[in-house]
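Some notes on the structure that comes next.
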Amino acid sequence: MTHALSIWLLAAGFFGAGLFNAISTSATQGDFARWGYPRWWGILTGGLEMISAVLIAIPVSRVAGLVLGAAIIAAAIFTVLRHRDFSHLVPLGVFVVLMAVAATSS
């Protein structure tokens, strides 16, 4: 039960974060610009997050989705640590925990 719930929460979380980044509000664009990324980087990140969500939701492609998601989260953690923007670490930590639970079999 926990395994299935973590998979769906993770897929929903990646899709929601991806949608938020792809819509790219001025605040989101500002964050990416402040971190040294081009303003369109949020759209690319959002697209990758939504792809990861879909891959995680489909059992046959789940491993690929988890790998893509892990790369996205690792890059995000590196970015926020490098720029000392620690307020973003809590949601990233939630993703890490969900990914760990989803990656293990029940």
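The chains in the structure tokens are called A, B, ... from first to last as shown; in each chain the residues are counted from 1, and the ligands are counted from 1 in the order shown.
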
When you look at Met50 in chain A with a cut-off of 8 Å (counting only C-alpha atoms), what residues show up, excluding the ones that are within fewer than 3 positions of it in the same chain? I need them as a ChimeraX atom specification. /A:14-19,46-47,53-54

Show me, as a list in words, the residues that have an atom within 9 Å of Leu68 in chain A when counting only C-alpha atoms, minus same-chain residues fewer than 6 positions from it.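 What passes the distance filter is Leu48, Glu49, Ile51, Ser52 and Leu55 of chain A.
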
Nearest to Val63 in chain A, chosen from A:Ser87, A:Asn21, A:Thr104, A:Ser6, with only C-alpha atoms counted in the distances: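 Selected residue with least distance to Val63 in chain A: A:Thr104.
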
Tell me which protein, DNA and RNA residues are within 8 Å of Ile73 in chain A, counting only C-alpha atoms, leaving out same-chain ones fewer than 2 positions away, and put them as a PyMOL selection string. chain A and resi 69-71+75-77+92+95-96

Selection to disk with N, CA and C atoms, as a short mmCIF file (atom, residue, chain, number, x, y, z; two decimals), in the first residue's frame:
data_model
loop_
_atom_site.label_atom_id
_atom_site.label_comp_id
_atom_site.auth_asym_id
_atom_site.auth_seq_id
_atom_site.Cartn_x
_atom_site.Cartn_y
_atom_site.Cartn_z
N GLY A 69 13.79 11.35 -12.86
CA GLY A 69 13.41 12.14 -11.69
C GLY A 69 14.57 12.35 -10.74
N ALA A 70 15.37 11.31 -10.54
CA ALA A 70 16.53 11.43 -9.64
C ALA A 70 17.53 12.43 -10.20
N ALA A 71 17.73 12.43 -11.52
CA ALA A 71 18.65 13.40 -12.12
C ALA A 71 18.13 14.83 -11.94
N ALA A 75 20.03 17.65 -9.65
CA ALA A 75 20.40 18.96 -10.21
C ALA A 75 19.78 20.09 -9.39
N ALA A 76 18.55 19.90 -8.96
CA ALA A 76 17.88 20.94 -8.16
C ALA A 76 18.56 21.10 -6.80
N ILE A 77 18.91 19.99 -6.18
CA ILE A 77 19.60 20.06 -4.88
C ILE A 77 20.95 20.74 -5.04
N LEU A 92 12.34 19.40 -1.86
CA LEU A 92 13.23 18.46 -2.53
C LEU A 92 13.46 17.21 -1.68
N PHE A 95 10.61 14.86 -2.15
CA PHE A 95 10.78 14.10 -3.38
C PHE A 95 11.78 12.96 -3.19
N VAL A 96 12.87 13.23 -2.49
CA VAL A 96 13.89 12.19 -2.27
C VAL A 96 13.29 11.02 -1.48
#

Just asking: which residues within chain A are helix (DSSP H, G or I) according to DSSP, as a PyMOL selection string? chain A and resi 2-23+26-34+41-57+59-82+86-103

Restricting the calculation to only C-alpha atoms: of A:Gly93, A:Arg39, A:Thr45, A:Arg84, which residue gets closest to Ile72 in chain A?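 Result for the nearest residue to Ile72 in chain A: A:Thr45.
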
Any idea what the distance is between CA of Gly36 in chain A and CA of Leu98 in chain A?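 Result for CA of Gly36 in chain A versus CA of Leu98 in chain A: 28.1 Å, one decimal.
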
One decimal, in Å: what's the spacing between CA of Trp41 in chain A and CA of Ile23 in chain A?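 Interatomic distance here is 11.4 Å.
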